[in-house]
>>> print(open('query33.pdb').read())   # PDB, C-alpha atoms
ATOM      1  CA  MET A   1     -17.699 -76.806  62.983  1.00  0.00           C
ATOM      2  CA  SER A   2     -15.197 -79.534  62.159  1.00  0.00           C
ATOM      3  CA  GLY A   3     -12.363 -76.998  61.942  1.00  0.00           C
ATOM      4  CA  ARG A   4     -13.207 -75.627  65.376  1.00  0.00           C
ATOM      5  CA  THR A   5     -13.529 -79.103  66.903  1.00  0.00           C
ATOM      6  CA  SER A   6     -10.117 -80.147  65.591  1.00  0.00           C
ATOM      7  CA  ARG A   7      -8.518 -77.365  67.611  1.00  0.00           C
ATOM      8  CA  VAL A   8     -10.141 -78.478  70.873  1.00  0.00           C
ATOM      9  CA  PRO A   9      -7.797 -80.743  72.881  1.00  0.00           C
ATOM     10  CA  SER A  10      -9.294 -84.029  73.993  1.00  0.00           C
ATOM     11  CA  GLY A  11      -8.841 -86.364  76.911  1.00  0.00           C
ATOM     12  CA  ARG A  12      -7.737 -85.615  80.437  1.00  0.00           C
ATOM     13  CA  ALA A  13      -4.673 -83.696  79.243  1.00  0.00           C
ATOM     14  CA  GLY A  14      -6.920 -81.534  77.095  1.00  0.00           C
ATOM     15  CA  ARG A  15      -9.261 -80.909  80.021  1.00  0.00           C
ATOM     16  CA  LEU A  16      -6.328 -79.852  82.197  1.00  0.00           C
ATOM     17  CA  ARG A  17      -5.042 -77.547  79.486  1.00  0.00           C
ATOM     18  CA  LEU A  18      -8.452 -75.944  78.991  1.00  0.00           C
ATOM     19  CA  ARG A  19      -8.901 -75.457  82.723  1.00  0.00           C
ATOM     20  CA  ARG A  20      -5.546 -73.713  82.911  1.00  0.00           C
ATOM     21  CA  ASN A  21      -6.337 -71.556  79.895  1.00  0.00           C
ATOM     22  CA  LEU A  22      -9.711 -70.620  81.343  1.00  0.00           C
ATOM     23  CA  ALA A  23      -8.185 -69.723  84.721  1.00  0.00           C
ATOM     24  CA  THR A  24      -5.552 -67.606  82.960  1.00  0.00           C
ATOM     25  CA  ALA A  25      -8.190 -65.819  80.879  1.00  0.00           C
ATOM     26  CA  LEU A  26     -10.348 -65.110  83.938  1.00  0.00           C
ATOM     27  CA  ARG A  27      -7.369 -63.822  85.905  1.00  0.00           C
ATOM     28  CA  GLY A  28      -6.299 -61.698  82.937  1.00  0.00           C
ATOM     29  CA  ALA A  29      -9.777 -60.189  82.589  1.00  0.00           C
ATOM     30  CA  ASP A  30      -9.848 -59.349  86.308  1.00  0.00           C
ATOM     31  CA  LEU A  31      -6.427 -57.673  86.110  1.00  0.00           C
ATOM     32  CA  LEU A  32      -7.406 -55.724  83.008  1.00  0.00           C
ATOM     33  CA  GLU A  33     -10.604 -54.531  84.674  1.00  0.00           C
ATOM     34  CA  ARG A  34      -8.570 -53.370  87.671  1.00  0.00           C
ATOM     35  CA  LYS A  35      -6.214 -51.563  85.297  1.00  0.00           C
ATOM     36  CA  LEU A  36      -9.188 -50.001  83.531  1.00  0.00           C
ATOM     37  CA  ARG A  37     -10.612 -48.670  86.804  1.00  0.00           C
ATOM     38  CA  LEU A  38      -7.271 -47.130  87.760  1.00  0.00           C
ATOM     39  CA  LEU A  39      -6.871 -45.539  84.330  1.00  0.00           C
ATOM     40  CA  LEU A  40     -10.377 -44.089  84.376  1.00  0.00           C
ATOM     41  CA  ASP A  41      -9.934 -42.735  87.901  1.00  0.00           C
ATOM     42  CA  ARG A  42      -6.663 -41.026  86.981  1.00  0.00           C
ATOM     43  CA  GLU A  43      -8.116 -39.734  83.717  1.00  0.00           C
ATOM     44  CA  ARG A  44     -11.008 -38.191  85.635  1.00  0.00           C
ATOM     45  CA  THR A  45      -8.584 -36.532  88.037  1.00  0.00           C
ATOM     46  CA  GLU A  46      -6.424 -35.217  85.199  1.00  0.00           C
ATOM     47  CA  ARG A  47      -9.439 -33.729  83.427  1.00  0.00           C
ATOM     48  CA  GLN A  48     -10.544 -32.019  86.622  1.00  0.00           C
ATOM     49  CA  GLU A  49      -7.033 -30.623  87.098  1.00  0.00           C
ATOM     50  CA  ALA A  50      -6.974 -29.482  83.474  1.00  0.00           C
ATOM     51  CA  GLU A  51     -10.317 -27.743  83.879  1.00  0.00           C
ATOM     52  CA  GLU A  52      -9.145 -25.938  87.024  1.00  0.00           C
ATOM     53  CA  ALA A  53      -5.844 -24.924  85.411  1.00  0.00           C
ATOM     54  CA  GLY A  54      -7.750 -23.676  82.370  1.00  0.00           C
ATOM     55  CA  ARG A  55      -9.967 -21.552  84.576  1.00  0.00           C
ATOM     56  CA  VAL A  56      -6.949 -20.043  86.340  1.00  0.00           C
ATOM     57  CA  TRP A  57      -5.258 -19.472  82.994  1.00  0.00           C
ATOM     58  CA  ARG A  58      -8.209 -17.505  81.614  1.00  0.00           C
ATOM     59  CA  GLU A  59      -8.622 -15.488  84.800  1.00  0.00           C
ATOM     60  CA  ARG A  60      -4.935 -14.578  85.072  1.00  0.00           C
ATOM     61  CA  LEU A  61      -4.747 -13.716  81.400  1.00  0.00           C
ATOM     62  CA  ALA A  62      -7.704 -11.349  81.656  1.00  0.00           C
ATOM     63  CA  GLU A  63      -6.226  -9.798  84.784  1.00  0.00           C
ATOM     64  CA  ALA A  64      -2.824  -9.391  83.126  1.00  0.00           C
ATOM     65  CA  ASP A  65      -4.384  -7.757  80.077  1.00  0.00           C
ATOM     66  CA  THR A  66      -6.104  -5.241  82.355  1.00  0.00           C
ATOM     67  CA  TRP A  67      -2.829  -4.384  84.126  1.00  0.00           C
ATOM     68  CA  LEU A  68      -1.063  -4.107  80.770  1.00  0.00           C
ATOM     69  CA  VAL A  69      -3.570  -1.576  79.462  1.00  0.00           C
ATOM     70  CA  ARG A  70      -3.188   0.466  82.654  1.00  0.00           C
ATOM     71  CA  GLY A  71       0.590   0.328  82.431  1.00  0.00           C
ATOM     72  CA  VAL A  72       0.636   1.471  78.807  1.00  0.00           C
ATOM     73  CA  LEU A  73      -1.791   4.283  79.593  1.00  0.00           C
ATOM     74  CA  LEU A  74       0.467   5.419  82.425  1.00  0.00           C
ATOM     75  CA  GLY A  75       3.831   5.116  80.715  1.00  0.00           C
ATOM     76  CA  GLY A  76       3.126   4.854  76.999  1.00  0.00           C
ATOM     77  CA  GLU A  77       4.208   2.111  74.603  1.00  0.00           C
ATOM     78  CA  GLY A  78       7.860   2.933  75.241  1.00  0.00           C
ATOM     79  CA  ALA A  79       7.424   1.891  78.860  1.00  0.00           C
ATOM     80  CA  LEU A  80       6.184  -1.496  77.671  1.00  0.00           C
ATOM     81  CA  SER A  81       9.297  -2.180  75.600  1.00  0.00           C
ATOM     82  CA  GLU A  82      11.485  -1.191  78.540  1.00  0.00           C
ATOM     83  CA  ALA A  83       9.649  -3.545  80.877  1.00  0.00           C
ATOM     84  CA  VAL A  84      10.242  -6.749  78.890  1.00  0.00           C
ATOM     85  CA  PRO A  85      13.296  -8.764  80.065  1.00  0.00           C
ATOM     86  CA  THR A  86      15.529 -10.292  77.426  1.00  0.00           C
ATOM     87  CA  GLY A  87      15.734 -13.610  79.266  1.00  0.00           C
ATOM     88  CA  ARG A  88      13.175 -16.317  78.739  1.00  0.00           C
ATOM     89  CA  ALA A  89      11.072 -18.285  81.148  1.00  0.00           C
ATOM     90  CA  ARG A  90      11.699 -22.004  81.344  1.00  0.00           C
ATOM     91  CA  VAL A  91       9.122 -24.756  81.609  1.00  0.00           C
ATOM     92  CA  ASP A  92      10.189 -28.306  82.483  1.00  0.00           C
ATOM     93  CA  VAL A  93       7.733 -31.187  82.328  1.00  0.00           C
ATOM     94  CA  GLY A  94       8.040 -34.151  84.670  1.00  0.00           C
ATOM     95  CA  TRP A  95       6.802 -37.555  83.535  1.00  0.00           C
ATOM     96  CA  ALA A  96       5.220 -40.485  85.367  1.00  0.00           C
ATOM     97  CA  THR A  97       3.986 -43.969  84.499  1.00  0.00           C
ATOM     98  CA  LEU A  98       0.664 -45.506  85.486  1.00  0.00           C
ATOM     99  CA  MET A  99      -0.124 -49.093  84.496  1.00  0.00           C
ATOM    100  CA  GLY A 100       2.377 -48.891  81.671  1.00  0.00           C
ATOM    101  CA  VAL A 101       1.169 -45.500  80.396  1.00  0.00           C
ATOM    102  CA  ARG A 102       3.868 -42.833  80.381  1.00  0.00           C
ATOM    103  CA  HIS A 103       2.304 -39.396  80.677  1.00  0.00           C
ATOM    104  CA  PRO A 104       3.229 -35.828  81.709  1.00  0.00           C
ATOM    105  CA  ALA A 105       2.623 -35.378  85.413  1.00  0.00           C
ATOM    106  CA  ALA A 106       4.116 -32.110  86.669  1.00  0.00           C
ATOM    107  CA  VAL A 107       5.339 -28.689  85.569  1.00  0.00           C
ATOM    108  CA  SER A 108       8.376 -26.851  86.851  1.00  0.00           C
ATOM    109  CA  TRP A 109       8.439 -23.136  86.052  1.00  0.00           C
ATOM    110  CA  THR A 110      11.428 -20.776  86.160  1.00  0.00           C
ATOM    111  CA  ASP A 111      10.820 -17.046  85.780  1.00  0.00           C
ATOM    112  CA  PRO A 112      13.002 -15.046  83.380  1.00  0.00           C
ATOM    113  CA  VAL A 113      15.877 -13.358  85.158  1.00  0.00           C
ATOM    114  CA  ARG A 114      16.772  -9.744  84.484  1.00  0.00           C
ATOM    115  CA  SER A 115      20.423  -8.873  84.223  1.00  0.00           C
ATOM    116  CA  PRO A 116      21.710  -5.990  86.392  1.00  0.00           C
ATOM    117  CA  GLU A 117      21.845  -3.818  83.278  1.00  0.00           C
ATOM    118  CA  GLU A 118      18.183  -4.283  82.449  1.00  0.00           C
ATOM    119  CA  THR A 119      15.563  -1.852  83.714  1.00  0.00           C
ATOM    120  CA  THR A 120      12.597  -2.934  85.765  1.00  0.00           C
ATOM    121  CA  PRO A 121       9.040  -2.022  84.735  1.00  0.00           C
ATOM    122  CA  PRO A 122       8.687   1.772  85.056  1.00  0.00           C
ATOM    123  CA  ASN A 123       5.318   1.631  86.836  1.00  0.00           C
ATOM    124  CA  THR A 124       3.450  -0.604  89.237  1.00  0.00           C
ATOM    125  CA  ALA A 125       0.794  -1.580  86.695  1.00  0.00           C
ATOM    126  CA  LEU A 126       3.385  -3.080  84.359  1.00  0.00           C
ATOM    127  CA  SER A 127       4.982  -4.913  87.295  1.00  0.00           C
ATOM    128  CA  HIS A 128       1.590  -6.419  88.099  1.00  0.00           C
ATOM    129  CA  ALA A 129       1.096  -7.277  84.422  1.00  0.00           C
ATOM    130  CA  GLU A 130       4.457  -9.045  84.268  1.00  0.00           C
ATOM    131  CA  ARG A 131       3.762 -11.090  87.373  1.00  0.00           C
ATOM    132  CA  THR A 132       0.224 -11.972  86.317  1.00  0.00           C
ATOM    133  CA  TYR A 133       1.242 -12.949  82.786  1.00  0.00           C
ATOM    134  CA  GLY A 134       3.761 -15.294  84.370  1.00  0.00           C
ATOM    135  CA  ALA A 135       1.005 -16.876  86.449  1.00  0.00           C
ATOM    136  CA  ALA A 136      -1.145 -17.199  83.326  1.00  0.00           C
ATOM    137  CA  VAL A 137       1.604 -18.965  81.416  1.00  0.00           C
ATOM    138  CA  ARG A 138       2.226 -21.321  84.329  1.00  0.00           C
ATOM    139  CA  ALA A 139      -1.471 -22.172  84.449  1.00  0.00           C
ATOM    140  CA  ALA A 140      -1.492 -22.683  80.674  1.00  0.00           C
ATOM    141  CA  ALA A 141       1.414 -25.106  80.957  1.00  0.00           C
ATOM    142  CA  GLU A 142      -0.345 -27.002  83.749  1.00  0.00           C
ATOM    143  CA  HIS A 143      -3.508 -27.120  81.669  1.00  0.00           C
ATOM    144  CA  ALA A 144      -1.572 -28.575  78.732  1.00  0.00           C
ATOM    145  CA  VAL A 145       0.140 -31.177  80.922  1.00  0.00           C
ATOM    146  CA  HIS A 146      -3.085 -32.389  82.551  1.00  0.00           C
ATOM    147  CA  GLN A 147      -4.955 -32.360  79.249  1.00  0.00           C
ATOM    148  CA  ALA A 148      -2.242 -34.396  77.509  1.00  0.00           C
ATOM    149  CA  ALA A 149      -2.130 -36.859  80.412  1.00  0.00           C
ATOM    150  CA  ALA A 150      -5.897 -37.295  80.262  1.00  0.00           C
ATOM    151  CA  GLU A 151      -5.794 -38.019  76.529  1.00  0.00           C
ATOM    152  CA  LEU A 152      -3.011 -40.591  76.873  1.00  0.00           C
ATOM    153  CA  LEU A 153      -4.784 -42.324  79.751  1.00  0.00           C
ATOM    154  CA  ALA A 154      -8.088 -42.280  77.874  1.00  0.00           C
ATOM    155  CA  ALA A 155      -6.474 -43.901  74.823  1.00  0.00           C
ATOM    156  CA  GLU A 156      -5.022 -46.699  76.939  1.00  0.00           C
ATOM    157  CA  ALA A 157      -8.359 -47.108  78.740  1.00  0.00           C
ATOM    158  CA  THR A 158     -10.049 -47.612  75.368  1.00  0.00           C
ATOM    159  CA  ARG A 159      -7.538 -50.289  74.368  1.00  0.00           C
ATOM    160  CA  THR A 160      -7.886 -51.988  77.750  1.00  0.00           C
ATOM    161  CA  ARG A 161     -11.679 -51.949  77.532  1.00  0.00           C
ATOM    162  CA  GLN A 162     -11.486 -53.619  74.104  1.00  0.00           C
ATOM    163  CA  ARG A 163      -9.234 -56.353  75.488  1.00  0.00           C
ATOM    164  CA  VAL A 164     -11.591 -56.957  78.418  1.00  0.00           C
ATOM    165  CA  ARG A 165     -14.539 -57.140  76.027  1.00  0.00           C
ATOM    166  CA  ALA A 166     -12.714 -59.649  73.829  1.00  0.00           C
ATOM    167  CA  LEU A 167     -11.962 -61.837  76.841  1.00  0.00           C
ATOM    168  CA  ARG A 168     -15.391 -61.590  78.459  1.00  0.00           C
ATOM    169  CA  ARG A 169     -17.483 -61.896  75.294  1.00  0.00           C
ATOM    170  CA  HIS A 170     -15.421 -64.234  73.145  1.00  0.00           C
ATOM    171  CA  TRP A 171     -12.426 -66.070  74.621  1.00  0.00           C
ATOM    172  CA  ILE A 172     -13.835 -66.984  78.041  1.00  0.00           C
ATOM    173  CA  PRO A 173     -17.214 -68.221  76.696  1.00  0.00           C
ATOM    174  CA  ARG A 174     -15.387 -70.206  74.018  1.00  0.00           C
ATOM    175  CA  LEU A 175     -13.046 -71.807  76.544  1.00  0.00           C
ATOM    176  CA  ARG A 176     -16.014 -72.684  78.750  1.00  0.00           C
ATOM    177  CA  ARG A 177     -17.841 -74.293  75.824  1.00  0.00           C
ATOM    178  CA  ASP A 178     -14.749 -76.244  74.838  1.00  0.00           C
ATOM    179  CA  LEU A 179     -14.159 -77.355  78.410  1.00  0.00           C
ATOM    180  CA  ALA A 180     -17.793 -78.427  78.770  1.00  0.00           C
ATOM    181  CA  ALA A 181     -17.522 -80.423  75.536  1.00  0.00           C
ATOM    182  CA  VAL A 182     -14.346 -82.166  76.673  1.00  0.00           C
ATOM    183  CA  GLU A 183     -15.773 -82.932  80.113  1.00  0.00           C
ATOM    184  CA  LEU A 184     -18.935 -84.341  78.533  1.00  0.00           C
ATOM    185  CA  ALA A 185     -16.861 -86.511  76.215  1.00  0.00           C
ATOM    186  CA  LEU A 186     -14.798 -87.755  79.150  1.00  0.00           C
ATOM    187  CA  GLU A 187     -17.921 -88.449  81.184  1.00  0.00           C
ATOM    188  CA  GLU A 188     -19.420 -90.431  78.317  1.00  0.00           C
ATOM    189  CA  ALA A 189     -16.174 -92.320  77.801  1.00  0.00           C
ATOM    190  CA  GLU A 190     -15.956 -93.140  81.502  1.00  0.00           C
ATOM    191  CA  HIS A 191     -19.585 -94.272  81.494  1.00  0.00           C
ATOM    192  CA  GLU A 192     -18.983 -96.516  78.493  1.00  0.00           C
ATOM    193  CA  GLU A 193     -15.871 -97.936  80.143  1.00  0.00           C
ATOM    194  CA  ALA A 194     -17.845 -98.651  83.325  1.00  0.00           C
ATOM    195  CA  VAL A 195     -20.542-100.440  81.287  1.00  0.00           C
ATOM    196  CA  ARG A 196     -17.916-102.555  79.508  1.00  0.00           C
ATOM    197  CA  ARG A 197     -16.315-103.499  82.808  1.00  0.00           C
ATOM    198  CA  ARG A 198     -19.637-104.524  84.313  1.00  0.00           C
ATOM    199  CA  TRP A 199     -20.440-106.522  81.200  1.00  0.00           C
ATOM    200  CA  ALA A 200     -17.034-108.179  81.252  1.00  0.00           C
ATOM    201  CA  ALA A 201     -17.347-108.922  84.975  1.00  0.00           C
ATOM    202  CA  SER A 202     -20.793-110.458  84.557  1.00  0.00           C
ATOM    203  CA  HIS A 203     -19.659-112.684  81.706  1.00  0.00           C
ATOM    204  CA  SER A 204     -16.468-113.793  83.465  1.00  0.00           C
ATOM    205  CA  ALA A 205     -18.488-114.828  86.502  1.00  0.00           C
ATOM    206  CA  ARG A 206     -20.577-117.274  84.437  1.00  0.00           C
TER     207      ARG A 206
END
>>> encode(input="query33.pdb", output="structure tokens")
Amino acid sequence: MSGRTSRVPSGRAGRLRLRRNLATALRGADLLERKLRLLLDRERTERQEAEEAGRVWRERLAEADTWLVRGVLLGGEGALSEAVPTGRARVDVGWATLMGVRHPAAVSWTDPVRSPEETTPPNTALSHAERTYGAAVRAAAEHAVHQAAAELLAAEATRTRQRVRALRRHWIPRLRRDLAAVELALEEAEHEEAVRRRWAASHSAR
């Protein structure tokens, strides 16, 4: 108890300091709670987007697999090797920052480009398969982006919640107790000073 009391400032300067510290802590807790709400709202949105992208991914992949089987049945395995372009698709991820949290926010997709020398898919089924696989990969990339964003936002929300809890449960109550103790001590000192003055005034009048 004595160690804690020694750290509590005394007097009017101490009261002013504690009032400022308490106001700062309260304002900080309010700002952190606002940040927490924004993080949780965005996390919820990102998880919803990830779920939708995952659904599209699975649907397009199943559809593409069906077209692929039809294309191979129509043209044989040789037709499949002829239908694959040598170029590669490109996926670019755009980033954003929310309340200090940098997270993936968007996906830019570029289809592979066939050179003039390359053959196109020999049947319509393989053309559909190629297009639908591309849509599946795009949805998979979007799923990954939204899922990663949700995890990053959730991690920061957890840290923010811990800071709010520390302020609300520990620092703010402690500052209030310290301020109450200092104000009580000042009130007692002022009362004692008033008593001494009245006593001195009464004796000087005699």
>>> residues_around(input="query33.pdb", residues="Arg19 in chain A", least_positions_apart="6", cutoff="10 Å", atoms="all atoms listed in the file", output="PyMOL selection string")
chain A and resi 13+25+175-176+178-179
>>> atom_distance(input="query33.pdb", atom1="CA of Val56 in chain A", atom2="CA of His146 in chain A")
13.5 Å
>>> resolve_selection(input="query33.pdb", expression="the PyMOL selection byres ((chain A and resi 134) around 12)", output="PyMOL selection string")
chain A and resi 56-57+60-61+63-65+88-91+109-112+127-133+135-141
>>> atom_distance(input="query33.pdb", atom1="CA of Glu118 in chain A", atom2="CA of Thr66 in chain A")
24.3 Å
>>> closest_residue(input="query33.pdb", among="A:Ala189, A:Ala62, A:Leu184, A:Leu153", to="Leu39 in chain A", atoms="all atoms listed in the file")
A:Leu153
>>> atom_distance(input="query33.pdb", atom1="CA of Leu68 in chain A", atom2="CA of Glu51 in chain A")
25.6 Å
>>> resolve_selection(input="query33.pdb", expression="the PyMOL selection byres ((chain A and resi 101) around 8)", output="number ranges by chain")
A: 97-100, 102-103, 152-153, 156
>>> write_last_selection(input="query33.pdb", atoms="C-alpha atoms", output="mmCIF file, keeping the file's coordinate frame")
data_model
loop_
_atom_site.group_PDB
_atom_site.id
_atom_site.type_symbol
_atom_site.label_atom_id
_atom_site.label_comp_id
_atom_site.auth_asym_id
_atom_site.auth_seq_id
_atom_site.Cartn_x
_atom_site.Cartn_y
_atom_site.Cartn_z
ATOM 1 C CA THR A 97 3.986 -43.969 84.499
ATOM 2 C CA LEU A 98 0.664 -45.506 85.486
ATOM 3 C CA MET A 99 -0.124 -49.093 84.496
ATOM 4 C CA GLY A 100 2.377 -48.891 81.671
ATOM 5 C CA ARG A 102 3.868 -42.833 80.381
ATOM 6 C CA HIS A 103 2.304 -39.396 80.677
ATOM 7 C CA LEU A 152 -3.011 -40.591 76.873
ATOM 8 C CA LEU A 153 -4.784 -42.324 79.751
ATOM 9 C CA GLU A 156 -5.022 -46.699 76.939
#
>>> closest_residue(input="query33.pdb", among="A:Arg20, A:Arg58, A:Arg168, A:Arg47", to="Val145 in chain A", atoms="all atoms listed in the file")
A:Arg47
>>> closest_residue(input="query33.pdb", among="A:Arg161, A:Ala185, A:His170, A:Glu151", to="Ala50 in chain A", atoms="only C-alpha atoms")
A:Glu151
>>> residues_around(input="query33.pdb", residues="Leu18 in chain A", least_positions_apart="5", cutoff="12 Å", atoms="only C-alpha atoms", output="list of chain:residue names")
A:Arg7, A:Val8, A:Pro9, A:Ser10, A:Gly11, A:Arg12, A:Ala13, A:Ala23, A:Thr24, A:Ala25, A:Trp171, A:Ile172, A:Pro173, A:Arg174, A:Leu175, A:Arg176, A:Arg177, A:Asp178, A:Leu179, A:Ala180, A:Ala181, A:Val182, A:Glu183
>>> write_last_selection(input="query33.pdb", atoms="C-alpha atoms", output="PDB file, keeping the file's coordinate frame")
ATOM      1  CA  ARG A   7      -8.518 -77.365  67.611  1.00  0.00           C
ATOM      2  CA  VAL A   8     -10.141 -78.478  70.873  1.00  0.00           C
ATOM      3  CA  PRO A   9      -7.797 -80.743  72.881  1.00  0.00           C
ATOM      4  CA  SER A  10      -9.294 -84.029  73.993  1.00  0.00           C
ATOM      5  CA  GLY A  11      -8.841 -86.364  76.911  1.00  0.00           C
ATOM      6  CA  ARG A  12      -7.737 -85.615  80.437  1.00  0.00           C
ATOM      7  CA  ALA A  13      -4.673 -83.696  79.243  1.00  0.00           C
ATOM      8  CA  ALA A  23      -8.185 -69.723  84.721  1.00  0.00           C
ATOM      9  CA  THR A  24      -5.552 -67.606  82.960  1.00  0.00           C
ATOM     10  CA  ALA A  25      -8.190 -65.819  80.879  1.00  0.00           C
ATOM     11  CA  TRP A 171     -12.426 -66.070  74.621  1.00  0.00           C
ATOM     12  CA  ILE A 172     -13.835 -66.984  78.041  1.00  0.00           C
ATOM     13  CA  PRO A 173     -17.214 -68.221  76.696  1.00  0.00           C
ATOM     14  CA  ARG A 174     -15.387 -70.206  74.018  1.00  0.00           C
ATOM     15  CA  LEU A 175     -13.046 -71.807  76.544  1.00  0.00           C
ATOM     16  CA  ARG A 176     -16.014 -72.684  78.750  1.00  0.00           C
ATOM     17  CA  ARG A 177     -17.841 -74.293  75.824  1.00  0.00           C
ATOM     18  CA  ASP A 178     -14.749 -76.244  74.838  1.00  0.00           C
ATOM     19  CA  LEU A 179     -14.159 -77.355  78.410  1.00  0.00           C
ATOM     20  CA  ALA A 180     -17.793 -78.427  78.770  1.00  0.00           C
ATOM     21  CA  ALA A 181     -17.522 -80.423  75.536  1.00  0.00           C
ATOM     22  CA  VAL A 182     -14.346 -82.166  76.673  1.00  0.00           C
ATOM     23  CA  GLU A 183     -15.773 -82.932  80.113  1.00  0.00           C
TER      24      GLU A 183
END
>>> closest_residue(input="query33.pdb", among="A:Ala144, A:Leu40, A:Leu74, A:Ala157", to="Asn123 in chain A", atoms="all atoms listed in the file")
A:Leu74
>>> closest_residue(input="query33.pdb", among="A:Arg34, A:Arg197, A:Arg42, A:Arg163", to="Ala105 in chain A", atoms="only C-alpha atoms")
A:Arg42
